[in-house]
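So this block is coords_36.csv, CSV, C-alpha atoms:
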chain,number,residue,atom,x,y,z
W,141,MET,CA,24.3,197.2,-7.4
W,142,ARG,CA,25.8,193.9,-8.6
W,143,THR,CA,27.8,194.6,-11.7
W,144,SER,CA,29.2,191.2,-12.8
W,145,GLU,CA,28.5,190.1,-16.3
W,146,SER,CA,26.8,186.9,-15.1
W,147,ASP,CA,24.5,188.9,-12.9
W,148,ARG,CA,23.6,191.2,-15.8
W,149,GLN,CA,22.9,188.2,-18.1
W,150,ARG,CA,20.8,186.6,-15.4
W,151,PHE,CA,18.9,189.8,-14.9
W,152,VAL,CA,18.2,190.2,-18.6
W,153,GLU,CA,17.1,186.6,-18.8
W,154,LEU,CA,14.6,187.2,-15.9
W,155,VAL,CA,13.3,190.4,-17.4
W,156,ASP,CA,12.9,188.7,-20.8
W,157,ARG,CA,11.0,185.8,-19.2
W,158,HIS,CA,8.6,188.1,-17.2
W,159,GLN,CA,8.5,191.1,-19.6
W,160,GLY,CA,4.7,190.7,-20.1
W,161,ILE,CA,4.2,192.1,-16.6
W,162,LEU,CA,6.0,195.3,-17.6
W,163,HIS,CA,4.0,195.5,-20.9
W,164,ARG,CA,0.7,195.2,-19.0
W,165,ILE,CA,1.7,197.8,-16.4
W,166,CYS,CA,2.6,200.1,-19.4
W,167,ALA,CA,-0.7,199.4,-21.0
W,168,VAL,CA,-2.6,200.8,-18.0
W,169,TYR,CA,-0.3,203.7,-17.1
W,170,ALA,CA,0.5,205.1,-20.5
W,171,THR,CA,-1.7,205.9,-23.4
W,172,ARG,CA,0.7,206.9,-26.1
W,173,ALA,CA,3.2,204.4,-27.6
W,174,GLU,CA,6.2,206.7,-26.8
W,175,ASP,CA,5.1,207.1,-23.2
W,176,ARG,CA,4.8,203.3,-22.9
W,177,GLN,CA,8.3,202.9,-24.3
W,178,ASP,CA,9.7,205.5,-21.8
W,179,LEU,CA,7.9,203.8,-18.9
W,180,PHE,CA,9.1,200.4,-20.0
W,181,GLN,CA,12.7,201.7,-20.0
W,182,ASP,CA,12.3,203.5,-16.7
W,183,MET,CA,11.0,200.3,-15.1
W,184,VAL,CA,13.8,198.1,-16.5
W,185,LEU,CA,16.4,200.7,-15.2
W,186,GLN,CA,14.7,200.8,-11.8
W,187,LEU,CA,14.6,197.0,-11.6
W,188,TRP,CA,18.3,196.9,-12.5
W,189,ARG,CA,19.2,199.5,-9.9
W,190,SER,CA,17.2,197.6,-7.3
W,191,TYR,CA,18.4,194.2,-8.4
W,192,GLY,CA,21.4,194.3,-6.0
W,193,SER,CA,19.0,194.3,-3.1
W,194,PHE,CA,16.7,191.6,-4.5
W,195,ARG,CA,17.7,188.6,-2.4
W,196,GLY,CA,15.1,186.2,-3.8
W,197,ARG,CA,13.1,186.5,-0.6
W,198,SER,CA,10.0,186.9,-2.7
W,199,ASP,CA,9.1,185.6,-6.1
W,200,PHE,CA,10.8,187.5,-8.9
W,201,ALA,CA,7.4,188.3,-10.5
W,202,THR,CA,6.0,189.7,-7.3
W,203,TRP,CA,9.1,191.9,-6.9
W,204,MET,CA,8.8,193.0,-10.5
W,205,TYR,CA,5.2,194.1,-10.0
W,206,ARG,CA,6.2,196.0,-6.9
W,207,VAL,CA,9.2,197.8,-8.5
W,208,GLY,CA,7.3,198.3,-11.8
W,209,LEU,CA,4.2,199.8,-10.2
W,210,ASN,CA,6.2,202.0,-7.8
W,211,THR,CA,8.0,203.4,-10.9
W,212,ALA,CA,4.8,203.9,-12.8
W,213,LEU,CA,3.1,205.6,-9.9
W,214,MET,CA,6.1,207.8,-9.0
W,215,ARG,CA,6.5,208.7,-12.7
W,216,GLN,CA,2.8,209.8,-12.8
W,217,ARG,CA,3.4,212.0,-9.7
W,218,ASN,CA,6.4,213.6,-11.4
W,219,ALA,CA,5.1,213.5,-14.9
W,220,ALA,CA,5.4,217.2,-15.6
W,221,ARG,CA,9.1,217.2,-14.6
W,222,GLN,CA,10.1,214.0,-16.4
W,223,PRO,CA,12.0,214.4,-19.7
W,224,ALA,CA,11.5,211.7,-22.3
W,225,LEU,CA,14.2,209.1,-22.5
W,226,LYS,CA,16.1,208.5,-25.8
W,227,PRO,CA,14.6,205.4,-27.4
W,228,VAL,CA,16.9,202.3,-27.3
W,229,GLY,CA,17.9,200.7,-30.6
W,230,PRO,CA,15.8,200.0,-33.6
W,231,ASN,CA,13.7,197.4,-31.8
W,232,THR,CA,11.4,199.8,-30.0
W,233,ILE,CA,8.0,198.9,-28.5
W,234,ASP,CA,6.3,201.1,-31.1
W,235,GLU,CA,7.8,199.1,-33.9
W,236,MET,CA,7.2,195.8,-32.2
W,237,ALA,CA,3.6,196.8,-31.5
W,238,ALA,CA,3.0,197.0,-35.2
W,239,ASP,CA,3.9,193.3,-35.5
W,240,ALA,CA,1.7,192.4,-32.5
W,241,GLN,CA,-1.9,191.4,-33.0
W,242,PRO,CA,-4.4,194.4,-32.7
W,243,PRO,CA,-6.3,194.3,-29.4
W,244,ASP,CA,-9.9,193.1,-29.5
W,245,GLU,CA,-12.6,195.5,-28.7
W,246,GLU,CA,-13.3,194.2,-25.2
W,247,VAL,CA,-9.6,194.2,-24.2
W,248,GLN,CA,-9.2,197.7,-25.6
W,249,PHE,CA,-12.3,199.0,-23.7
W,250,LEU,CA,-11.2,197.3,-20.5
W,251,ARG,CA,-7.8,199.0,-20.7
W,252,THR,CA,-9.5,202.3,-21.4
W,253,CYS,CA,-11.7,201.9,-18.3
W,254,ILE,CA,-8.7,201.0,-16.2
W,255,ARG,CA,-6.8,204.1,-17.4
W,256,GLU,CA,-9.7,206.2,-16.2
W,257,LEU,CA,-9.2,205.0,-12.6
W,258,PRO,CA,-7.1,206.9,-10.0
W,259,THR,CA,-3.5,205.7,-10.2
W,260,LEU,CA,-3.5,203.5,-7.1
W,261,ASP,CA,-6.7,201.8,-8.1
W,262,ARG,CA,-5.2,201.0,-11.5
W,263,ALA,CA,-2.4,199.1,-9.7
W,264,ILE,CA,-4.9,197.2,-7.5
W,265,VAL,CA,-7.2,196.2,-10.4
W,266,LEU,CA,-4.3,195.3,-12.6
W,267,LEU,CA,-3.0,192.9,-9.9
W,268,TYR,CA,-6.4,191.4,-9.5
W,269,LEU,CA,-6.8,190.9,-13.2
W,270,GLU,CA,-3.3,189.3,-13.2
W,271,GLU,CA,-4.8,186.8,-10.8
W,272,ARG,CA,-2.5,187.8,-7.9
W,273,SER,CA,-3.8,186.8,-4.5
W,274,TYR,CA,-5.1,189.4,-2.0
W,275,GLU,CA,-2.1,188.7,0.2
W,276,GLU,CA,0.2,189.4,-2.6
W,277,ILE,CA,-1.7,192.6,-3.6
W,278,SER,CA,-1.5,193.7,0.0
W,279,HIS,CA,2.3,192.9,0.1
W,280,ILE,CA,2.9,194.8,-3.1
W,281,THR,CA,0.9,197.9,-2.3
W,282,GLY,CA,1.3,198.0,1.5
W,283,LEU,CA,-2.5,198.2,2.0
W,284,SER,CA,-4.2,195.9,4.5
W,285,ARG,CA,-5.9,192.8,3.2
W,286,SER,CA,-9.3,194.0,4.1
W,287,ASN,CA,-8.8,197.3,2.3
W,288,VAL,CA,-7.6,195.4,-0.8
W,289,SER,CA,-10.7,193.2,-0.6
W,290,VAL,CA,-13.1,196.2,-0.3
W,291,ARG,CA,-11.5,198.1,-3.1
W,292,ILE,CA,-11.5,195.1,-5.4
W,293,VAL,CA,-15.2,194.5,-4.9
W,294,ARG,CA,-15.9,198.1,-5.8
W,295,LEU,CA,-13.6,198.2,-8.7
W,296,LYS,CA,-15.0,195.0,-10.2
W,297,ALA,CA,-18.5,196.4,-10.0
W,298,ARG,CA,-17.4,199.6,-11.7
W,299,LEU,CA,-15.7,197.7,-14.5
W,300,ARG,CA,-18.6,195.3,-15.0
W,301,HIS,CA,-21.0,198.2,-15.2
W,302,ALA,CA,-18.9,200.0,-17.8
W,303,LEU,CA,-18.6,196.9,-19.9
W,304,GLU,CA,-22.4,196.3,-19.7
W,305,GLN,CA,-23.1,199.9,-20.6
W,306,LYS,CA,-21.0,199.5,-23.7
W,307,GLY,CA,-22.8,196.3,-24.5
W,308,LEU,CA,-19.5,194.4,-24.3
W,309,GLY,CA,-18.5,191.1,-22.7
W,310,LYS,CA,-22.0,189.6,-22.8
W,311,GLU,CA,-20.9,186.2,-23.7
W,312,VAL,CA,-18.3,186.1,-20.9
W,313,LEU,CA,-20.1,188.2,-18.3
W,314,GLU,CA,-23.4,186.4,-18.3
O,252,MET,CA,-22.5,187.2,-13.5
O,253,ASN,CA,-19.1,185.7,-12.8
O,254,ASP,CA,-16.3,188.1,-11.7
O,255,ASP,CA,-13.5,185.9,-13.0
O,256,LYS,CA,-14.8,186.7,-16.5
O,257,LEU,CA,-13.1,190.1,-16.2
O,258,GLN,CA,-9.9,188.1,-15.8
O,259,MET,CA,-10.8,186.1,-18.8
O,260,ILE,CA,-11.1,189.2,-21.0
O,261,TRP,CA,-7.8,190.5,-19.5
O,262,SER,CA,-6.0,187.3,-20.2
O,263,ARG,CA,-6.6,187.8,-23.9
O,264,SER,CA,-4.4,191.0,-23.7
O,265,ARG,CA,-1.4,188.7,-23.2
O,266,GLN,CA,-1.7,187.4,-26.7
O,267,GLU,CA,-1.3,190.9,-28.1
O,268,GLU,CA,1.8,191.9,-26.2
O,269,PRO,CA,4.9,193.1,-28.1
O,270,THR,CA,8.1,191.1,-27.4
O,271,MET,CA,11.3,192.9,-26.5
O,272,ASN,CA,14.4,190.9,-27.4
O,273,ARG,CA,17.2,190.3,-24.9
O,274,MET,CA,19.6,192.5,-26.8
O,275,THR,CA,17.3,195.5,-26.5
O,276,ILE,CA,16.8,194.9,-22.8
O,277,ASN,CA,20.5,194.6,-22.3
O,278,GLN,CA,21.0,198.0,-24.1
O,279,MET,CA,18.5,199.6,-21.8
O,280,LEU,CA,20.7,198.9,-18.8
O,281,ASP,CA,23.4,201.2,-20.2
O,282,LYS,CA,21.0,204.1,-20.4
O,283,SER,CA,20.6,206.6,-17.6
O,284,ALA,CA,17.2,208.0,-16.5
O,285,ARG,CA,16.7,211.1,-14.4
O,286,SER,CA,15.3,210.4,-11.0
O,287,GLY,CA,11.9,211.9,-10.2
O,288,TRP,CA,13.8,213.7,-7.4
O,289,TYR,CA,16.3,215.3,-9.8
O,290,GLY,CA,15.2,218.8,-9.0
O,291,MET,CA,15.7,218.3,-5.3
O,292,ARG,CA,19.1,216.7,-5.8
O,293,ILE,CA,20.2,219.7,-7.9
O,294,GLU,CA,18.9,222.0,-5.2
O,295,ALA,CA,20.8,220.1,-2.5
O,296,TRP,CA,24.0,220.1,-4.5
O,297,ALA,CA,23.7,223.8,-5.2
O,298,PHE,CA,23.5,224.5,-1.4
O,299,LEU,CA,26.3,222.0,-0.7
O,300,ILE,CA,28.6,223.9,-3.1
O,301,MET,CA,27.6,227.2,-1.5
O,302,GLN,CA,28.3,225.8,2.0
O,303,GLY,CA,31.7,224.5,0.8
O,304,ILE,CA,32.7,227.9,-0.5
O,305,ALA,CA,31.4,229.6,2.7
O,306,GLU,CA,33.4,227.1,4.7
O,307,LEU,CA,36.6,227.9,2.8
O,308,GLY,CA,35.9,231.6,3.3
O,309,HIS,CA,35.5,231.0,7.1
O,310,ILE,CA,38.8,229.1,7.3
O,311,VAL,CA,40.6,232.0,5.5
O,312,ASN,CA,38.9,234.5,7.8
O,313,LEU,CA,39.8,232.4,10.8
O,314,MET,CA,43.5,232.4,9.8
O,315,THR,CA,43.4,236.1,9.2
O,316,SER,CA,41.9,236.8,12.6
O,317,ALA,CA,44.4,234.4,14.2
O,318,MET,CA,47.3,236.2,12.6
O,319,ALA,CA,45.9,239.6,13.6
O,320,GLY,CA,45.4,238.2,17.2
O,321,ASN,CA,41.8,239.3,17.2
O,322,VAL,CA,40.2,237.0,19.7
O,323,GLY,CA,36.6,238.2,19.3
O,324,TRP,CA,36.6,237.7,15.5
O,325,LEU,CA,38.6,234.5,15.9
O,326,PHE,CA,35.8,233.1,18.1
O,327,LEU,CA,33.1,234.2,15.7
O,328,HIS,CA,34.8,232.6,12.6
O,329,LEU,CA,35.5,229.5,14.6
O,330,SER,CA,31.8,229.3,15.5
O,331,LEU,CA,30.7,229.9,11.9
O,332,THR,CA,33.2,227.3,10.6
O,333,LEU,CA,31.7,224.7,13.0
O,334,LEU,CA,28.1,225.8,12.1
O,335,THR,CA,28.8,225.5,8.4
O,336,SER,CA,30.3,222.0,8.9
O,337,GLY,CA,27.0,221.1,10.5
O,338,PHE,CA,25.1,222.5,7.5
O,339,ILE,CA,27.3,220.5,5.2
O,340,ALA,CA,26.5,217.3,7.2
O,341,VAL,CA,22.8,218.0,7.0
O,342,SER,CA,23.0,218.5,3.2
O,343,VAL,CA,24.9,215.3,2.8
O,344,MET,CA,22.3,213.5,4.9
O,345,VAL,CA,19.5,215.0,2.7
O,346,LEU,CA,21.2,213.9,-0.5
O,347,HIS,CA,21.5,210.4,0.9
O,348,GLU,CA,17.9,210.3,2.0
O,349,VAL,CA,16.6,211.6,-1.4
O,350,ARG,CA,18.7,208.9,-3.1
O,351,SER,CA,16.8,206.3,-1.1
O,352,PHE,CA,13.5,207.4,-2.6
O,353,ASP,CA,14.5,205.7,-5.8
O,354,ASP,CA,14.5,202.4,-4.0
O,355,GLY,CA,11.9,200.3,-5.7
O,356,ASN,CA,12.1,197.5,-3.2
O,357,VAL,CA,9.8,199.0,-0.6
O,358,ASN,CA,6.0,198.9,-1.0
O,359,LEU,CA,4.3,202.1,-2.1
O,360,SER,CA,2.8,202.9,1.4
O,361,GLU,CA,6.2,202.6,3.0
O,362,LEU,CA,7.8,204.8,0.3
O,363,VAL,CA,5.2,207.5,0.6
O,364,ARG,CA,5.4,207.4,4.5
O,365,ARG,CA,9.2,207.6,4.3
O,366,GLN,CA,8.9,210.7,2.0
O,367,LEU,CA,6.4,212.3,4.4
O,368,ARG,CA,8.6,211.6,7.4
O,369,PHE,CA,11.5,213.1,5.5
O,370,PHE,CA,9.6,216.3,4.6
O,371,HIS,CA,8.4,216.8,8.2
O,372,THR,CA,11.8,216.2,9.8
O,373,LYS,CA,15.1,216.3,7.9
O,374,TYR,CA,13.9,218.4,5.1
O,375,GLU,CA,12.5,221.0,7.5
O,376,TRP,CA,15.9,221.3,9.3
O,377,TRP,CA,17.6,221.4,6.0
O,378,ILE,CA,15.6,224.4,4.6
O,379,TRP,CA,16.5,226.3,7.8
O,380,THR,CA,20.2,225.5,7.3
O,381,CYS,CA,19.9,226.5,3.6
O,382,SER,CA,18.3,229.8,4.7
O,383,LEU,CA,21.1,230.4,7.1
O,384,THR,CA,23.6,229.2,4.5
O,385,VAL,CA,22.7,232.1,2.2
O,386,TRP,CA,23.5,234.6,5.0
O,387,VAL,CA,26.6,232.7,6.1
O,388,PHE,CA,27.8,232.6,2.5
O,389,SER,CA,27.4,236.3,1.9
O,390,PHE,CA,28.9,237.2,5.4
O,391,SER,CA,31.9,235.0,4.8
O,392,LEU,CA,32.6,236.5,1.4
O,393,VAL,CA,32.0,240.1,2.5
O,394,VAL,CA,34.3,239.7,5.5
O,395,LEU,CA,36.9,238.0,3.3
O,396,VAL,CA,36.9,240.8,0.8
O,397,GLU,CA,36.4,243.8,3.1
O,398,ASN,CA,38.1,243.0,6.4
O,399,GLN,CA,40.8,245.2,7.8
O,400,ASP,CA,43.3,243.3,9.8
O,401,GLY,CA,40.7,240.6,10.5
O,402,THR,CA,38.0,243.0,11.6
O,403,TYR,CA,35.0,244.1,9.6
O,404,ARG,CA,32.7,247.0,10.4
O,405,ALA,CA,29.2,247.2,8.9
O,406,GLY,CA,28.1,250.6,7.7
O,407,ASN,CA,24.6,250.7,9.1
O,408,ILE,CA,23.9,247.9,11.6
O,409,MET,CA,20.1,248.3,11.3
O,410,GLU,CA,20.2,247.9,7.5
O,411,VAL,CA,22.5,244.9,7.7
O,412,THR,CA,20.3,243.3,10.2
O,413,ALA,CA,17.1,243.9,8.2
O,414,LEU,CA,18.7,242.7,5.0
O,415,SER,CA,20.1,239.6,6.8
O,416,LEU,CA,16.7,238.7,8.2
O,417,GLY,CA,15.1,239.4,4.8
O,418,MET,CA,17.6,237.1,3.2
O,419,ILE,CA,17.1,234.3,5.7
O,420,LEU,CA,13.3,234.5,5.8
O,421,GLY,CA,13.0,235.0,2.0
O,422,THR,CA,15.1,231.9,1.3
O,423,TYR,CA,13.1,229.9,3.9
O,424,SER,CA,9.8,231.0,2.4
O,425,LEU,CA,10.9,230.1,-1.1
O,426,LEU,CA,12.1,226.7,-0.2
O,427,ARG,CA,9.0,226.1,1.9
O,428,ALA,CA,6.7,227.1,-0.9
O,429,GLY,CA,8.5,224.7,-3.2
O,430,LEU,CA,8.0,222.0,-0.7
O,431,TYR,CA,4.3,222.4,-0.2
O,432,PRO,CA,3.1,220.8,-3.5
O,433,MET,CA,5.4,217.8,-2.9
O,434,VAL,CA,4.0,217.3,0.6
O,435,ARG,CA,0.5,217.8,-0.6
O,436,ARG,CA,1.0,215.2,-3.3
O,437,SER,CA,2.6,212.7,-0.9
O,438,LEU,CA,-0.2,213.3,1.6
O,439,ALA,CA,-2.8,212.8,-1.1
O,440,THR,CA,-1.3,209.5,-2.2
O,441,LEU,CA,-1.1,208.4,1.4
O,442,TYR,CA,-4.7,209.4,1.9
O,443,ASP,CA,-5.8,207.5,-1.2
O,444,LEU,CA,-3.8,204.5,0.1
O,445,GLU,CA,-5.4,204.5,3.5
O,446,SER,CA,-8.9,205.6,2.8
O,447,GLN,CA,-11.7,204.9,0.3
O,448,THR,CA,-11.6,208.5,-1.1
O,449,MET,CA,-10.6,208.6,-4.7
O,450,ASP,CA,-10.7,212.3,-5.6
O,451,GLU,CA,-8.0,213.6,-3.3
O,452,THR,CA,-5.1,213.3,-5.7
O,453,ARG,CA,-7.0,215.2,-8.4
O,454,ASN,CA,-8.0,218.0,-6.0
O,455,VAL,CA,-4.3,218.5,-5.2
O,456,GLU,CA,-3.4,218.7,-8.9
O,457,SER,CA,-5.9,221.6,-9.3
O,458,LEU,CA,-4.3,223.5,-6.4
O,459,ARG,CA,-0.8,223.2,-7.9
O,460,LYS,CA,-1.2,226.3,-10.2
O,461,TYR,CA,-1.8,228.6,-7.3
O,462,TRP,CA,1.3,227.4,-5.6
O,463,LEU,CA,3.3,228.0,-8.7
O,464,LEU,CA,2.0,231.6,-8.9
O,465,GLY,CA,3.0,232.1,-5.2
O,466,THR,CA,6.4,230.7,-5.8
O,467,ILE,CA,7.0,233.1,-8.7
O,468,LEU,CA,6.0,236.0,-6.5
O,469,LEU,CA,8.4,234.9,-3.8
O,470,VAL,CA,11.2,234.6,-6.3
O,471,ILE,CA,10.6,238.1,-7.4
O,472,ALA,CA,10.6,239.3,-3.8
O,473,LEU,CA,13.8,237.5,-3.0
O,474,ALA,CA,15.5,238.8,-6.1
O,475,THR,CA,14.5,242.3,-5.1
O,476,VAL,CA,16.1,241.9,-1.7
O,477,VAL,CA,19.3,240.5,-3.1
O,478,ALA,CA,19.5,243.3,-5.7
O,479,TRP,CA,18.9,245.9,-3.0
O,480,THR,CA,21.6,244.3,-0.9
O,481,GLY,CA,24.1,244.4,-3.8
O,482,TYR,CA,23.2,248.0,-4.5
O,483,LEU,CA,23.8,249.0,-0.9
O,484,TRP,CA,27.1,247.2,-0.7
O,485,LEU,CA,28.3,248.7,-3.9
O,486,SER,CA,27.2,252.2,-3.0
O,487,ASN,CA,28.9,251.9,0.5
O,488,GLY,CA,32.0,250.7,-1.2

Step by step, read the file and then write its structure as structure tokens.
Amino acid sequence: MRTSESDRQRFVELVDRHQGILHRICAVYATRAEDRQDLFQDMVLQLWRSYGSFRGRSDFATWMYRVGLNTALMRQRNAARQPALKPVGPNTIDEMAADAQPPDEEVQFLRTCIRELPTLDRAIVLLYLEERSYEEISHITGLSRSNVSVRIVRLKARLRHALEQKGLGKEVLE
Amino acid sequence: MNDDKLQMIWSRSRQEEPTMNRMTINQMLDKSARSGWYGMRIEAWAFLIMQGIAELGHIVNLMTSAMAGNVGWLFLHLSLTLLTSGFIAVSVMVLHEVRSFDDGNVNLSELVRRQLRFFHTKYEWWIWTCSLTVWVFSFSLVVLVENQDGTYRAGNIMEVTALSLGMILGTYSLLRAGLYPMVRRSLATLYDLESQTMDETRNVESLRKYWLLGTILLVIALATVVAWTGYLWLSNG
């Protein structure tokens, strides 16, 4: 791991700029605020540990998705054995969430539907919703492009159906 | 119906995101988080320490045999010293491999495949070396304490053989049982990755409780063997 102060500051700057990615991963992999905060910290630490081997061969955001999703998926697999991390400082996600705007009903419901999906499908649908290309999704997950494409078609249909059943998203879905 | 509309709904979630300031992110880097492989690391370190102690015991036994000029025992201790050195090397290799599982740079498929390869190769050798380590450890210490001029005579050779086999196979079964849920979970993830089936991971989770019960029973069985061994040694002494 690179340990120089300038590397650290550069890393913090990059995470700060792209932190929305981590928040959105947290939103689909953790339900409770404290779990989201633990996951966020886990992802930041994992990114920092792996930063030494990030050589800028791919876009920082792509690399961030990959490391973040790997951490979220592995954390889910080991959920029973994972102790909670000590919250960092007074500026926790929980407290910040109170300042953030409350989610609208459609967004809330879409998140709930995504959380109902198996862990890997959550990653795929999240990357699709984040407007990542099929190539990029394939690169991040290690799935073939055709597999990604088939899964996305099925997952989109499932989400659309759920929104329709709930009577949501009419103005945007029609 | 336009599919991109799902992306439109999703894009609204960005407006609601909390913002973490740089100071908080910076503070996070000074925290430590337990690896998901923490349990396995502890297990590997425990065996490594046991192997280290056994190795020291062998070296002392080796010197005792050399001073006593007992060629047969000298050869035996030399073999055990080399064997334990090999075990130590395998444990170090396992620790190194487990550390690599925390590498976030590889894609998920590759990570899961790497884990499965490890479970079917190096980990398999390692649990055999661990099973033998328990025997080698106890042999080293018993000979160290109870040798007479570099020679040790077992009271009842059949009992000692049966107990040794019980110890080796018991440890192997215990470690193997602990491994099974991990392999099943990795296989299930790989299966989900490579096929269209979605329910495999959930099926595996439901099997987990049965493996937990099996592991508890094996622990009890192994503890009984160890207690019996201790009792026999004490009563012989």

Length of the CA of Trp188 in chain W to CA of Thr211 in chain W vector [Å]: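 Computing the Euclidean distance for CA of Trp188 in chain W and CA of Thr211 in chain W yields 12.3 Å.
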
If I take CA of Leu414 in chain O and CA of Thr475 in chain O, how far is one from the other in Å, to one decimal?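 So the two atoms, CA of Leu414 in chain O and CA of Thr475 in chain O, lie 10.9 Å apart.
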
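Taking CA of Arg262 in chain W as the reference point, CA of Val168 in chain W is found at 7.0 Å.
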
Could you pull the residues within 12 Å of Gln248 in chain W, counting only C-alpha atoms, minus those fewer than 2 positions along the same chain, as number ranges by chain? W: 167-168, 171, 242-246, 250-255, 303, 308-309; O: 260-261, 263-264, 267

Tell me which of W:Ser146, W:Asn210, W:Asn287, W:Thr281 sits closest to Ile165 in chain W, counting all atoms listed in the file.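 Among the listed residues, the smallest separation from Ile165 in chain W belongs to W:Asn210.
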
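Comparing W:Arg215, W:Arg150, W:Arg294, W:Lys306 by their smallest distance to Asp175 in chain W, the closest is W:Arg215 (using only C-alpha atoms).
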
Please list, as a list in words, the residues that have an atom at most 12 Å away from (-17.5, 195.9, -9.6) in the coordinates of this file, counting only C-alpha atoms.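 Residues found, by chain and rising number: Val265, Tyr268, Ser289, Val290, Arg291, Ile292, Val293, Arg294, Leu295, Lys296, Ala297, Arg298, Leu299, Arg300, His301, Ala302, Leu303, Glu304 and Leu313 of chain W; Met252, Asn253, Asp254, Asp255, Lys256 and Leu257 of chain O.
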
Among the residues W:Gln186, W:Thr202, W:Ser273, W:Ser286, the one that comes closest to chain O [using only C-alpha atoms]: W:Gln186

Taking all atoms listed in the file into account, name the residue in W:Ile161, W:Ile277, W:Leu283, W:Met204 that is nearest to Arg265 in chain O. W:Ile161

Contact residues around Arg206 in chain W with all atoms listed in the file at 10 Å, ignoring same-chain residues under 2 positions, as a list in words: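 Surrounding residues, per the criterion: Leu187, Phe200, Ala201, Thr202, Trp203, Met204, Gly208, Leu209, Asn210, Thr211, Ala212, Ala263, Glu276, Ile277, His279, Ile280, Thr281 and Gly282 of chain W; Gly355, Asn356, Val357, Asn358 and Leu359 of chain O.
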
Within 12 Å of Met344 in chain O using all atoms listed in the file, minus same-chain residues under 3 positions, as a ChimeraX atom specification: /O:292,295-296,299,337-341,347-351,369,372-374,376-377

Nearest-residue call for chain O, choices W:Gln177, W:Tyr169, W:Gln159, W:Asp147, using only C-alpha atoms: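 Nearest candidate to chain O out of W:Gln177, W:Tyr169, W:Gln159, W:Asp147: W:Gln159.
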
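Checking O:Glu361, O:Glu375, O:Glu397, O:Glu306 one by one against chain W, counting only C-alpha atoms, you find the shortest gap at O:Glu361.
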
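Proximity to range 180-185 of chain W at 8 Å, evaluated using all atoms listed in the file and with sequence-adjacent residues fewer than 2 positions away removed, yields Val155, Leu162, His163, Cys166, Arg176, Gln177, Asp178, Leu187, Trp188, Arg189, Val207, Gly208, Thr211, Ala212 and Leu225 of chain W; Ile276, Met279, Leu280, Lys282, Ser283 and Ala284 of chain O.
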